[in-house]
file run-v9.txt (compact mmCIF, C-alpha atoms)
# COMPACT_ATOMS: atom_id res chain seq x y z
CA MET W 1 120.55 116.26 139.51
CA THR W 2 117.50 116.12 137.25
CA ASP W 3 118.51 119.36 135.54
CA ASP W 4 121.95 117.91 134.85
CA ASP W 5 120.44 114.74 133.43
CA THR W 6 118.07 116.67 131.22
CA ARG W 7 120.96 118.73 129.88
CA LEU W 8 123.05 115.59 129.31
CA THR W 9 120.10 114.07 127.47
CA THR W 10 119.43 116.91 125.07
CA GLU W 11 122.63 118.95 124.90
CA GLY W 12 125.45 116.78 126.18
CA LEU W 13 128.43 118.30 127.94
CA ALA W 14 130.95 120.82 126.63
CA ALA W 15 134.67 120.23 127.12
CA SER W 16 136.32 122.47 129.73
CA GLY W 17 139.38 123.00 127.53
CA LYS W 18 141.73 121.82 130.29
CA GLY W 19 143.95 118.77 129.97
CA ARG W 20 145.85 117.11 127.14
CA VAL W 21 143.55 114.12 126.67
CA LEU W 22 139.89 114.43 125.70
CA VAL W 23 137.28 111.75 126.19
CA ILE W 24 134.33 112.19 123.84
CA GLY W 25 131.50 110.10 125.19
CA CYS W 26 127.80 109.52 125.40
CA GLY W 27 125.94 111.88 127.73
CA ALA W 28 124.50 108.81 129.44
CA LEU W 29 128.02 108.00 130.66
CA ALA W 30 129.05 111.47 131.84
CA ARG W 31 128.73 110.88 135.57
CA GLU W 32 130.34 107.47 135.37
CA ILE W 33 133.28 108.75 133.33
CA LEU W 34 133.81 111.69 135.69
CA ALA W 35 133.68 109.32 138.67
CA VAL W 36 136.34 107.05 137.15
CA LEU W 37 138.55 110.01 136.21
CA GLN W 38 138.29 111.38 139.72
CA ALA W 39 138.90 108.05 141.42
CA ASN W 40 142.07 107.58 139.36
CA GLY W 41 143.30 111.15 139.73
CA LEU W 42 143.27 111.64 135.97
CA THR W 43 143.40 115.42 136.06
CA HIS W 44 144.96 115.58 132.59
CA VAL W 45 141.77 114.15 131.05
CA ASP W 46 138.91 116.37 129.92
CA LEU W 47 135.42 115.23 128.99
CA ALA W 48 132.97 116.22 126.27
CA CYS W 49 129.67 114.41 125.81
CA LEU W 50 127.26 114.14 122.92
CA PRO W 51 123.55 114.33 123.79
CA ALA W 52 122.54 111.10 125.48
CA ILE W 53 119.28 110.94 123.54
CA LEU W 54 121.30 109.80 120.51
CA HIS W 55 120.99 106.44 122.27
CA ASN W 56 117.54 106.33 120.66
CA ARG W 57 118.87 107.25 117.21
CA PRO W 58 122.07 105.19 116.90
CA GLU W 59 122.28 105.83 113.15
CA ARG W 60 123.05 109.46 113.95
CA ILE W 61 125.86 108.94 116.46
CA HIS W 62 128.75 108.53 114.03
CA THR W 63 128.20 111.84 112.26
CA ALA W 64 127.86 113.75 115.55
CA LEU W 65 130.97 112.00 116.81
CA GLU W 66 132.95 112.85 113.70
CA ASP W 67 131.98 116.52 114.07
CA ALA W 68 133.18 116.47 117.69
CA ILE W 69 136.49 114.80 116.81
CA VAL W 70 137.14 117.34 114.06
CA LYS W 71 136.23 120.19 116.41
CA HIS W 72 138.62 119.10 119.17
CA ARG W 73 141.48 117.27 117.53
CA ASP W 74 143.77 120.29 117.27
CA THR W 75 143.24 121.22 120.92
CA TYR W 76 144.16 117.90 122.55
CA GLU W 77 147.11 115.53 122.15
CA THR W 78 144.89 112.49 122.37
CA ILE W 79 141.20 111.80 121.91
CA PHE W 80 139.47 108.71 123.29
CA VAL W 81 135.91 107.79 122.33
CA ALA W 82 133.69 106.54 125.14
CA TYR W 83 131.22 104.77 122.90
CA ALA W 84 131.03 101.08 122.15
CA ASP W 85 129.30 100.02 118.90
CA CYS W 86 126.00 101.24 120.42
CA GLY W 87 123.80 100.03 117.57
CA SER W 88 125.78 101.89 114.95
CA GLY W 89 126.56 98.75 112.97
CA GLY W 90 130.30 99.45 112.96
CA ARG W 91 129.98 103.08 111.86
CA ILE W 92 131.40 104.47 115.11
CA ALA W 93 134.40 102.16 114.74
CA GLU W 94 134.86 103.35 111.15
CA VAL W 95 134.96 107.00 112.26
CA CYS W 96 137.44 106.17 115.04
CA ALA W 97 139.67 104.25 112.64
CA ARG W 98 139.59 107.11 110.16
CA TYR W 99 140.87 109.57 112.78
CA GLY W 100 143.15 107.11 114.54
CA VAL W 101 141.40 107.30 117.89
CA GLU W 102 140.64 104.47 120.29
CA MET W 103 137.18 103.61 121.54
CA LEU W 104 135.50 101.32 124.08
CA GLU W 105 135.20 97.67 123.24
CA GLY W 106 131.89 95.83 123.10
CA PRO W 107 128.44 96.15 121.60
CA HIS W 108 126.97 98.71 124.04
CA CYS W 109 127.12 100.12 127.57
CA TYR W 110 125.04 97.28 129.04
CA SER W 111 127.78 94.94 127.93
CA PHE W 112 130.82 96.90 129.07
CA PHE W 113 129.24 97.83 132.40
CA GLU W 114 128.68 94.17 133.14
CA GLY W 115 132.01 93.25 131.51
CA ASN W 116 131.94 92.28 127.84
CA GLU W 117 132.90 88.68 128.47
CA ALA W 118 130.37 88.08 131.24
CA PHE W 119 127.63 89.83 129.27
CA ALA W 120 128.24 87.70 126.18
CA GLU W 121 128.20 84.53 128.26
CA ARG W 122 124.77 85.34 129.67
CA ASP W 123 123.28 85.49 126.16
CA GLU W 124 120.05 87.05 127.43
CA ALA W 125 117.70 87.72 124.53
CA THR W 126 114.65 88.55 126.64
CA ALA W 127 116.22 91.06 129.04
CA PHE W 128 115.53 94.78 128.80
CA TYR W 129 118.33 96.77 130.42
CA LEU W 130 118.52 99.98 132.38
CA THR W 131 121.63 101.68 133.75
CA ASP W 132 121.73 104.31 136.50
CA PHE W 133 121.29 107.05 133.92
CA LEU W 134 118.51 105.31 132.01
CA THR W 135 116.70 104.58 135.25
CA ARG W 136 116.75 108.26 136.13
CA GLN W 137 115.74 109.16 132.58
CA PHE W 138 113.26 106.33 132.04
CA GLU W 139 110.47 108.68 131.01
CA ALA W 140 112.61 110.57 128.50
CA PHE W 141 114.27 107.50 126.94
CA VAL W 142 111.55 104.85 127.12
CA ILE W 143 108.05 105.97 128.02
CA LYS W 144 107.75 109.17 125.98
CA PRO W 145 109.59 108.18 122.78
CA LEU W 146 107.60 104.96 122.60
CA GLY W 147 104.36 106.85 123.18
CA LEU W 148 103.50 104.74 126.22
CA ASP W 149 102.44 107.83 128.16
CA ARG W 150 99.76 108.52 125.57
CA HIS W 151 99.08 104.94 124.46
CA PRO W 152 99.77 102.41 127.22
CA GLU W 153 97.98 99.82 125.04
CA LEU W 154 101.15 99.65 122.92
CA ARG W 155 102.99 97.97 125.78
CA ASP W 156 102.60 94.50 124.28
CA ALA W 157 103.81 95.57 120.86
CA TYR W 158 107.06 96.84 122.39
CA PHE W 159 107.63 94.61 125.37
CA GLY W 160 105.51 91.51 124.79
CA ASN W 161 108.57 89.40 124.01
CA TYR W 162 110.67 90.62 126.93
CA GLU W 163 110.62 88.80 130.26
CA THR W 164 112.84 90.70 132.67
CA LEU W 165 113.97 94.25 133.25
CA VAL W 166 117.57 94.03 134.41
CA TYR W 167 118.85 97.07 136.25
CA LEU W 168 122.62 97.20 135.78
CA ALA W 169 123.56 99.32 138.79
CA GLN W 170 126.70 101.42 138.63
CA THR W 171 126.14 102.73 142.14
CA ASP W 172 124.47 101.36 145.23
CA ASP W 173 121.45 103.63 145.49
CA PRO W 174 118.23 102.30 147.05
CA ALA W 175 116.24 105.14 145.44
CA LEU W 176 117.36 104.10 141.96
CA ASP W 177 116.65 100.48 142.81
CA ALA W 178 113.08 101.48 143.69
CA GLN W 179 112.77 103.51 140.48
CA ALA W 180 114.02 100.64 138.34
CA ARG W 181 111.68 98.22 140.11
CA ALA W 182 108.78 100.57 139.39
CA ALA W 183 109.86 100.77 135.75
CA ALA W 184 109.76 96.98 135.53
CA ALA W 185 106.28 96.93 137.03
CA ARG W 186 105.12 99.58 134.57
CA LEU W 187 106.36 97.49 131.65
CA GLY W 188 104.91 94.30 133.14
CA LEU W 189 108.33 92.65 133.41
CA ALA W 190 110.05 90.69 136.16
CA TYR W 191 112.79 92.65 137.92
CA GLU W 192 116.41 91.92 138.59
CA ARG W 193 119.05 94.24 140.00
CA ARG W 194 122.64 93.52 139.11
CA GLN W 195 125.44 95.50 140.70
CA THR W 196 128.03 96.07 137.97
CA GLY W 197 129.99 99.11 139.07
CA TYR W 198 131.76 100.65 136.08
CA GLY W 199 132.80 97.33 134.56
CA ASP W 200 135.17 97.54 131.60
CA LEU W 201 134.78 101.32 131.48
CA ALA W 202 137.10 101.79 134.47
CA PRO W 203 140.24 100.04 133.13
CA ALA W 204 139.74 101.56 129.66
CA LEU W 205 139.78 105.08 131.12
CA ALA W 206 142.47 104.37 133.70
CA ARG W 207 144.92 103.72 130.86
CA LEU W 208 144.59 107.25 129.49
CA MET O 1 91.29 114.01 114.42
CA ALA O 2 89.66 117.30 115.25
CA ASP O 3 86.46 117.59 117.22
CA GLU O 4 84.34 118.19 114.14
CA ASP O 5 84.89 114.54 113.21
CA ASP O 6 83.13 113.39 116.36
CA ASP O 7 79.86 114.04 114.56
CA ILE O 8 80.68 112.10 111.42
CA ILE O 9 78.34 109.19 110.85
CA LEU O 10 80.30 106.81 108.66
CA SER O 11 77.26 105.10 107.17
CA GLU O 12 75.96 108.43 105.85
CA LEU O 13 79.10 109.09 103.78
CA ASP O 14 79.16 108.11 100.13
CA ASP O 15 81.82 105.65 99.02
CA GLU O 16 84.39 108.22 98.08
CA GLU O 17 83.96 110.18 101.30
CA LEU O 18 84.01 107.01 103.34
CA VAL O 19 87.27 105.84 101.80
CA ALA O 20 88.83 109.25 102.42
CA GLN O 21 87.58 109.10 106.00
CA MET O 22 89.08 105.62 106.38
CA HIS O 23 92.43 106.95 105.25
CA ASP O 24 92.18 109.66 107.92
CA ASP O 25 91.06 107.16 110.54
CA LEU O 26 93.92 104.80 109.69
CA TYR O 27 96.33 107.70 109.99
CA ASP O 28 94.88 108.41 113.44
CA GLY O 29 94.89 104.73 114.44
CA LEU O 30 91.15 104.56 115.06
CA LYS O 31 90.57 100.82 115.15
CA GLU O 32 86.83 100.76 115.83
CA GLU O 33 86.11 103.26 113.06
CA ILE O 34 88.10 101.17 110.61
CA GLU O 35 86.19 98.05 111.61
CA GLU O 36 82.86 99.84 111.18
CA ALA O 37 83.79 101.36 107.82
CA THR O 38 85.08 98.03 106.53
CA GLN O 39 81.72 96.45 107.36
CA ILE O 40 79.89 99.32 105.68
CA LEU O 41 81.82 98.92 102.42
CA LEU O 42 81.25 95.16 102.44
CA ALA O 43 77.54 95.76 103.00
CA ARG O 44 77.62 98.01 99.94
CA ASP O 45 78.84 95.02 97.94
CA TRP O 46 82.43 96.10 97.67
CA ALA O 47 84.62 93.08 96.93
CA PRO O 48 86.83 92.31 99.95
CA TYR O 49 89.94 92.73 97.79
CA LYS O 50 88.79 96.20 96.77
CA VAL O 51 88.20 97.20 100.40
CA LEU O 52 91.65 95.93 101.25
CA THR O 53 93.51 97.72 98.49
CA VAL O 54 91.53 100.92 98.03
CA ALA O 55 90.66 101.66 101.65
CA LEU O 56 93.24 99.94 103.85
CA VAL O 57 96.46 99.49 101.86
CA ALA O 58 96.20 102.89 100.19
CA GLY O 59 95.58 104.51 103.59
CA MET O 60 98.50 102.68 105.13
CA LYS O 61 100.72 103.85 102.29
CA VAL O 62 100.25 107.43 103.47
CA VAL O 63 101.22 106.34 106.97
CA GLY O 64 104.30 104.55 105.61
CA ASP O 65 105.34 107.54 103.51
CA ASP O 66 105.02 109.93 106.46
CA PHE O 67 107.00 107.56 108.67
CA ARG O 68 109.74 107.39 106.04
CA ASP O 69 109.76 111.19 105.83
CA GLY O 70 109.99 111.68 109.58
CA ILE O 71 106.49 113.11 109.96
CA LEU O 72 105.10 110.13 111.86
CA PHE O 73 106.92 108.05 114.46
CA VAL O 74 106.79 104.46 115.63
CA PRO O 75 103.88 104.85 118.11
CA GLU O 76 101.63 106.37 115.46
CA VAL O 77 102.59 103.71 112.93
CA LEU O 78 101.80 100.99 115.45
CA LEU O 79 98.38 102.47 116.16
CA ALA O 80 97.68 102.72 112.44
CA ALA O 81 98.85 99.14 111.97
CA ASN O 82 96.56 97.95 114.76
CA ALA O 83 93.64 99.67 113.04
CA MET O 84 94.54 98.15 109.68
CA LYS O 85 94.95 94.73 111.29
CA ALA O 86 91.43 95.00 112.69
CA GLY O 87 90.07 95.74 109.22
CA MET O 88 92.09 92.91 107.72
CA ALA O 89 90.79 90.47 110.32
CA ILE O 90 87.29 91.08 108.92
CA LEU O 91 88.46 90.76 105.32
CA LYS O 92 90.82 87.79 105.60
CA PRO O 93 88.28 84.95 105.61
CA LEU O 94 86.33 86.69 102.84
CA LEU O 95 89.43 87.16 100.69
CA ALA O 96 90.01 83.41 100.66
CA GLU O 97 86.37 82.77 99.67
CA THR O 98 86.32 85.34 96.91
CA GLY O 99 89.52 84.22 95.22
CA ALA O 100 91.60 87.35 95.69
CA PRO O 101 94.81 87.27 93.65
CA LYS O 102 97.81 85.55 95.21
CA VAL O 103 101.08 87.16 94.37
CA GLY O 104 103.46 84.76 96.09
CA LYS O 105 104.35 83.13 99.37
CA MET O 106 106.77 84.44 101.98
CA VAL O 107 108.27 82.85 105.06
CA ILE O 108 109.36 85.56 107.46
CA GLY O 109 110.89 85.69 110.92
CA THR O 110 113.21 87.50 113.30
CA VAL O 111 116.62 85.82 113.49
CA LYS O 112 118.05 83.74 116.29
CA GLY O 113 118.90 85.66 119.46
CA ASP O 114 116.58 88.53 118.58
CA ILE O 115 113.09 89.05 119.97
CA HIS O 116 112.19 92.28 118.22
CA ASP O 117 109.25 91.93 115.90
CA ILE O 118 107.66 95.33 115.31
CA GLY O 119 109.22 95.79 111.86
CA LYS O 120 108.72 92.16 110.96
CA ASN O 121 105.05 92.34 111.91
CA LEU O 122 104.55 95.47 109.81
CA VAL O 123 106.16 93.78 106.82
CA SER O 124 103.97 90.68 107.32
CA MET O 125 100.86 92.79 107.41
CA MET O 126 101.73 94.89 104.37
CA MET O 127 102.76 91.80 102.41
CA GLU O 128 99.40 90.21 103.19
CA GLY O 129 97.72 93.42 102.17
CA ALA O 130 99.54 93.24 98.85
CA GLY O 131 98.26 89.73 98.19
CA PHE O 132 101.16 87.64 99.45
CA GLU O 133 100.57 84.60 101.57
CA VAL O 134 102.74 85.00 104.66
CA VAL O 135 104.00 82.31 107.00
CA ASP O 136 105.22 84.15 110.09
CA LEU O 137 107.82 82.24 112.08
CA GLY O 138 107.82 84.76 114.93
CA ILE O 139 111.00 85.61 116.81
CA ASN O 140 114.35 84.01 117.67
CA ASN O 141 114.55 81.68 114.67
CA PRO O 142 117.46 79.31 114.02
CA VAL O 143 118.42 78.56 110.43
CA GLU O 144 116.43 75.32 110.28
CA ASN O 145 113.16 77.15 110.98
CA TYR O 146 113.60 79.28 107.86
CA ILE O 147 114.73 76.54 105.52
CA GLU O 148 112.45 73.73 106.67
CA THR O 149 109.39 75.99 106.58
CA ALA O 150 110.30 77.46 103.19
CA GLU O 151 110.70 73.94 101.81
CA LYS O 152 107.51 72.63 103.39
CA GLU O 153 105.46 75.63 102.30
CA ASP O 154 107.01 75.84 98.85
CA ALA O 155 107.68 79.51 99.53
CA ASP O 156 108.97 82.01 97.01
CA ILE O 157 110.55 84.40 99.49
CA ILE O 158 112.48 84.11 102.75
CA GLY O 159 112.37 87.30 104.81
CA MET O 160 114.68 87.91 107.76
CA SER O 161 114.55 90.69 110.31
CA ALA O 162 116.90 91.85 113.09
CA LEU O 163 117.06 94.91 115.30
CA LEU O 164 120.41 94.28 116.96
CA THR O 165 123.85 94.69 115.46
CA THR O 166 124.78 91.62 117.47
CA THR O 167 122.12 89.44 115.83
CA MET O 168 122.06 90.70 112.25
CA PRO O 169 125.15 88.64 111.25
CA TYR O 170 123.00 85.53 111.76
CA MET O 171 121.28 86.35 108.47
CA LYS O 172 124.48 85.31 106.74
CA VAL O 173 124.35 81.95 108.52
CA VAL O 174 120.94 81.33 106.98
CA ILE O 175 122.07 82.38 103.50
CA ASP O 176 125.30 80.39 103.72
CA THR O 177 123.31 77.32 104.76
CA LEU O 178 120.98 77.78 101.80
CA VAL O 179 124.04 77.93 99.55
CA ALA O 180 125.63 74.88 101.18
CA GLU O 181 122.41 72.89 100.73
CA GLY O 182 122.11 73.95 97.09
CA LYS O 183 118.84 75.80 97.78
CA ARG O 184 119.88 79.42 97.47
CA ASP O 185 118.50 79.90 93.96
CA LYS O 186 115.08 78.56 94.95
CA TYR O 187 114.30 81.56 97.12
CA ILE O 188 114.26 85.32 96.97
CA VAL O 189 115.96 86.41 100.19
CA LEU O 190 114.94 89.79 101.59
CA VAL O 191 116.43 91.29 104.75
CA GLY O 192 115.51 94.26 106.89
CA GLY O 193 115.89 95.89 110.29
CA ALA O 194 116.99 99.23 111.74
CA PRO O 195 120.78 98.64 111.85
CA LEU O 196 120.98 97.10 108.36
CA ASN O 197 121.79 98.86 105.12
CA GLU O 198 122.09 98.02 101.46
CA GLU O 199 125.79 97.33 101.76
CA PHE O 200 125.19 94.76 104.49
CA GLY O 201 122.48 93.09 102.42
CA LYS O 202 124.87 92.73 99.51
CA ALA O 203 127.76 91.58 101.69
CA ILE O 204 125.80 88.67 103.15
CA GLY O 205 124.39 87.62 99.77
CA ALA O 206 120.76 88.65 100.19
CA ASP O 207 118.76 89.55 97.10
CA ALA O 208 117.76 92.87 98.61
CA TYR O 209 117.76 94.98 101.75
CA CYS O 210 114.37 96.55 102.38
CA ARG O 211 114.38 99.84 104.26
CA ASP O 212 110.75 99.63 105.35
CA ALA O 213 107.56 97.66 104.86
CA ALA O 214 106.53 99.55 101.72
CA VAL O 215 109.90 98.91 100.11
CA ALA O 216 109.66 95.24 101.11
CA VAL O 217 106.33 94.93 99.30
CA GLU O 218 107.57 96.69 96.16
CA THR O 219 110.80 94.70 96.12
CA ALA O 220 108.96 91.42 96.61
CA LYS O 221 106.58 92.27 93.78
CA GLN O 222 109.46 93.12 91.43
CA PHE O 223 111.29 89.90 92.21
CA MET O 224 108.10 87.87 91.76
CA ALA O 225 107.49 89.53 88.38
CA ARG O 226 111.04 88.68 87.31
CA LYS O 227 110.59 85.10 88.52
CA HIS O 228 107.41 84.73 86.49
CA ASN O 229 109.08 86.23 83.43
CA GLN O 230 111.99 83.81 83.75
CA MET O 231 109.60 80.88 84.10
CA ALA O 232 107.62 82.07 81.08
CA GLY O 233 110.86 82.49 79.11

call {"tool": "encode", "arguments": {"input": "run-v9.txt", "output": "structure tokens"}}
result
Amino acid sequence: MTDDDTRLTTEGLAASGKGRVLVIGCGALAREILAVLQANGLTHVDLACLPAILHNRPERIHTALEDAIVKHRDTYETIFVAYADCGSGGRIAEVCARYGVEMLEGPHCYSFFEGNEAFAERDEATAFYLTDFLTRQFEAFVIKPLGLDRHPELRDAYFGNYETLVYLAQTDDPALDAQARAAAARLGLAYERRQTGYGDLAPALARL
Amino acid sequence: MADEDDDIILSELDDEELVAQMHDDLYDGLKEEIEEATQILLARDWAPYKVLTVALVAGMKVVGDDFRDGILFVPEVLLAANAMKAGMAILKPLLAETGAPKVGKMVIGTVKGDIHDIGKNLVSMMMEGAGFEVVDLGINNPVENYIETAEKEDADIIGMSALLTTTMPYMKVVIDTLVAEGKRDKYIVLVGGAPLNEEFGKAIGADAYCRDAAVAVETAKQFMARKHNQMAG
């Protein structure tokens, strides 16, 4: 499990080459996408993922995505992009429009997991979100890149304005709940667990 | 820094060595060393403004350049900023007493719906270091906070920051309101934040997009110089 997550974080996931539809997504969504594909019997859909760590460098996603689309577009009839805007400032949408491929709606995975409409209604400025993947990879995505392992005194600079860590749970896993709760404690934030399932991701993929 | 620096006694260094050491210590985010060295230079009758510019701002410029070039990352910049802030806290009251030059006044804040303030705080600090008076509105600011404060403070510059692609469009609300109230030309409007770019700055009608704190300072200085030239003309 951890090995898989580490690989998804740094390398992503290669396409298997089987199927006529390819989903190109974020490595942080790999398990969730595979679960939805399996639940819906979508055996004609293949999956390729970009390294999940691009989550921390959103300005780099669109170029990596474009490379992946160019690499695969002659092999598959249809490509679908499993990214929302994800902090790219519209650049992911521009790439998708240029190649005529569809993508997920919404600002980011926190929003589409909860459901874009419900997420927007909450209007939570002081919530810091984790998903199943980010909970498992909390050290690699939060603690280490922010230097909190070496300099815990920087906690206030990063998280002083946040109030609550909201764990958006895709699965019902008490171990992940405990990990997310511990993450909240480490950041000095209140904790809330919200069961979202796959939210808007499921219907978007089921249409493929 | 390396172990050999453990033995350095700051007070035994001459001015030039001490300033070079301060640049190293800023780079390494050594707050207490910066505080001590700042006090030493003041005790040697350095003017507070000279300590600020020659020791602190010049040292922070190296940090800023290395951040821009991908050599340093956010944690290191924050540690350096904390060290610089500690030195500035000593200098600030003295700067006011000794009549350090005032370049202009800026009202700055993170826009409504956004609580991220790391970049905004760095800009505030570097603007102060460059001789600007800064009124920091903090986070989550509605349009009226910017405009009312800029009016009350007779500011030259309004600075807006956002980290989220969902909140950055609010900058246009502020600029459009300035236009609607006939106040747009009174202020230099600078915008910044990770998801922004020059194109966005232009599209919303800002005077400039500033990629980082160093660019914000340089841009603000240029606009202030132009403003003075226009007034003189």

call {"tool": "residues_around", "arguments": {"input": "run-v9.txt", "residues": "Asp200 (chain W)", "least_positions_apart": "4", "cutoff": "9 Å", "atoms": "only C-alpha atoms", "output": "list of chain:residue names"}}
result
W:Leu104, W:Glu105, W:Ser111, W:Phe112, W:Phe113, W:Glu114, W:Gly115, W:Asn116, W:Ala204, W:Leu205

call {"tool": "residues_around", "arguments": {"input": "run-v9.txt", "residues": "Ile9 (chain O)", "least_positions_apart": "6", "cutoff": "12 Å", "atoms": "all atoms listed in the file", "output": "list in words"}}
result
Glu17, Leu18, Gln21, Glu33, Glu36, Ala37 and Ile40 of chain O

call {"tool": "residues_around", "arguments": {"input": "run-v9.txt", "residues": "Gln179 (chain W)", "least_positions_apart": "2", "cutoff": "12 Å", "atoms": "only C-alpha atoms", "output": "PyMOL selection string"}}
result
chain W and resi 130-139+165+167+169+173-177+181-186+191+193

call {"tool": "atom_distance", "arguments": {"input": "run-v9.txt", "atom1": "CA of Tyr110 (chain W)", "atom2": "CA of Phe73 (chain O)"}}
result
25.6 Å

call {"tool": "residues_around", "arguments": {"input": "run-v9.txt", "residues": "region 206-219 of chain O", "least_positions_apart": "3", "cutoff": "8 Å", "atoms": "only C-alpha atoms", "output": "PyMOL selection string"}}
result
chain O and resi 61+64+68+119+122-123+126-127+130+175+188-194+196-198+200-203+222-223

call {"tool": "write_last_selection", "arguments": {"input": "run-v9.txt", "atoms": "C-alpha atoms", "output": "short mmCIF file (atom, residue, chain, number, x, y, z; two decimals), keeping the file's coordinate frame"}}
result
data_model
loop_
_atom_site.label_atom_id
_atom_site.label_comp_id
_atom_site.auth_asym_id
_atom_site.auth_seq_id
_atom_site.Cartn_x
_atom_site.Cartn_y
_atom_site.Cartn_z
CA LYS O 61 100.72 103.85 102.29
CA GLY O 64 104.30 104.55 105.61
CA ARG O 68 109.74 107.39 106.04
CA GLY O 119 109.22 95.79 111.86
CA LEU O 122 104.55 95.47 109.81
CA VAL O 123 106.16 93.78 106.82
CA MET O 126 101.73 94.89 104.37
CA MET O 127 102.76 91.80 102.41
CA ALA O 130 99.54 93.24 98.85
CA ILE O 175 122.07 82.38 103.50
CA ILE O 188 114.26 85.32 96.97
CA VAL O 189 115.96 86.41 100.19
CA LEU O 190 114.94 89.79 101.59
CA VAL O 191 116.43 91.29 104.75
CA GLY O 192 115.51 94.26 106.89
CA GLY O 193 115.89 95.89 110.29
CA ALA O 194 116.99 99.23 111.74
CA LEU O 196 120.98 97.10 108.36
CA ASN O 197 121.79 98.86 105.12
CA GLU O 198 122.09 98.02 101.46
CA PHE O 200 125.19 94.76 104.49
CA GLY O 201 122.48 93.09 102.42
CA LYS O 202 124.87 92.73 99.51
CA ALA O 203 127.76 91.58 101.69
CA GLN O 222 109.46 93.12 91.43
CA PHE O 223 111.29 89.90 92.21
#

call {"tool": "residues_around", "arguments": {"input": "run-v9.txt", "residues": "region 95-98 of chain W", "least_positions_apart": "2", "cutoff": "8 Å", "atoms": "all atoms listed in the file", "output": "PyMOL selection string"}}
result
chain W and resi 62+65-66+81+91-93+100-103

call {"tool": "closest_atom_pairs", "arguments": {"input": "run-v9.txt", "of": "chain W", "to": "chain O", "cutoff": "9 Å", "atoms": "all atoms listed in the file", "output": "Markdown table"}}
result
| residue | atom | partner | partner_atom | distance |
| --- | --- | --- | --- | --- |
| W:Pro58 | CA | O:Pro195 | CA | 8.4 |
| W:Glu59 | CA | O:Pro195 | CA | 7.5 |
| W:Asp85 | CA | O:Thr165 | CA | 8.4 |
| W:Cys86 | CA | O:Thr165 | CA | 8.5 |
| W:Gly87 | CA | O:Thr165 | CA | 5.7 |
| W:Ser88 | CA | O:Pro195 | CA | 6.7 |
| W:Gly89 | CA | O:Thr165 | CA | 5.5 |
| W:Gly90 | CA | O:Thr165 | CA | 8.4 |
| W:Pro107 | CA | O:Thr166 | CA | 7.1 |
| W:Asp123 | CA | O:Gly113 | CA | 8.0 |
| W:Glu124 | CA | O:Gly113 | CA | 8.2 |
| W:Ala125 | CA | O:Gly113 | CA | 5.6 |
| W:Thr126 | CA | O:Ile115 | CA | 6.9 |
| W:Pro145 | CA | O:Pro75 | CA | 8.1 |
| W:Leu146 | CA | O:Pro75 | CA | 5.8 |
| W:Gly147 | CA | O:Pro75 | CA | 5.5 |
| W:Leu148 | CA | O:Pro75 | CA | 8.1 |
| W:His151 | CA | O:Pro75 | CA | 8.0 |
| W:Leu154 | CA | O:Pro75 | CA | 7.6 |
| W:Ala157 | CA | O:Ile118 | CA | 6.8 |
| W:Tyr158 | CA | O:Ile118 | CA | 7.3 |
| W:Phe159 | CA | O:His116 | CA | 8.8 |
| W:Asn161 | CA | O:Ile115 | CA | 6.1 |
| W:Tyr162 | CA | O:Ile115 | CA | 7.5 |

call {"tool": "residues_near_point", "arguments": {"input": "run-v9.txt", "point": "(135.4, 112.0, 124.3)", "cutoff": "6 Å", "atoms": "all atoms listed in the file", "output": "list in words"}}
result
Leu22, Val23, Ile24, Gly25, Leu47, Ala48, Phe80, Val81 and Ala82 of chain W

call {"tool": "atom_distance", "arguments": {"input": "run-v9.txt", "atom1": "CA of Glu148 (chain O)", "atom2": "CA of Pro101 (chain O)"}}
result
25.8 Å

call {"tool": "closest_residue", "arguments": {"input": "run-v9.txt", "among": "O:Gly29, O:Phe67, O:Val111, O:Ala220", "to": "Glu144 (chain O)", "atoms": "all atoms listed in the file"}}
result
O:Val111

call {"tool": "closest_residue", "arguments": {"input": "run-v9.txt", "among": "O:Asp176, O:Glu12, O:Asp66, O:Asp136", "to": "Gly205 (chain O)", "atoms": "all atoms listed in the file"}}
result
O:Asp176

call {"tool": "atom_distance", "arguments": {"input": "run-v9.txt", "atom1": "CA of Glu192 (chain W)", "atom2": "CA of Ala140 (chain W)"}}
result
21.5 Å

call {"tool": "closest_residue", "arguments": {"input": "run-v9.txt", "among": "W:Cys26, W:Ala84, W:Ala190, W:Val70", "to": "Ala127 (chain W)", "atoms": "all atoms listed in the file"}}
result
W:Ala190

call {"tool": "closest_residue", "arguments": {"input": "run-v9.txt", "among": "O:Asn145, O:Val54, O:Lys85, O:Met60", "to": "Thr177 (chain O)", "atoms": "all atoms listed in the file"}}
result
O:Asn145

call {"tool": "build_atoms", "arguments": {"input": "run-v9.txt", "residues": "region 138-142 of chain W", "atoms": "N, CA and C atoms", "output": "compact mmCIF listing (two decimals), in the coordinates of the input"}}
result
# COMPACT_ATOMS: atom_id res chain seq x y z
N PHE W 138 114.15 107.33 132.62
CA PHE W 138 113.26 106.33 132.04
C PHE W 138 112.13 106.96 131.23
N GLU W 139 111.57 108.03 131.73
CA GLU W 139 110.47 108.68 131.01
C GLU W 139 110.96 109.23 129.67
N ALA W 140 112.10 109.89 129.70
CA ALA W 140 112.61 110.57 128.50
C ALA W 140 113.14 109.60 127.45
N PHE W 141 113.65 108.44 127.89
CA PHE W 141 114.27 107.50 126.94
C PHE W 141 113.36 106.35 126.55
N VAL W 142 112.38 106.03 127.40
CA VAL W 142 111.55 104.85 127.12
C VAL W 142 110.08 105.25 126.96
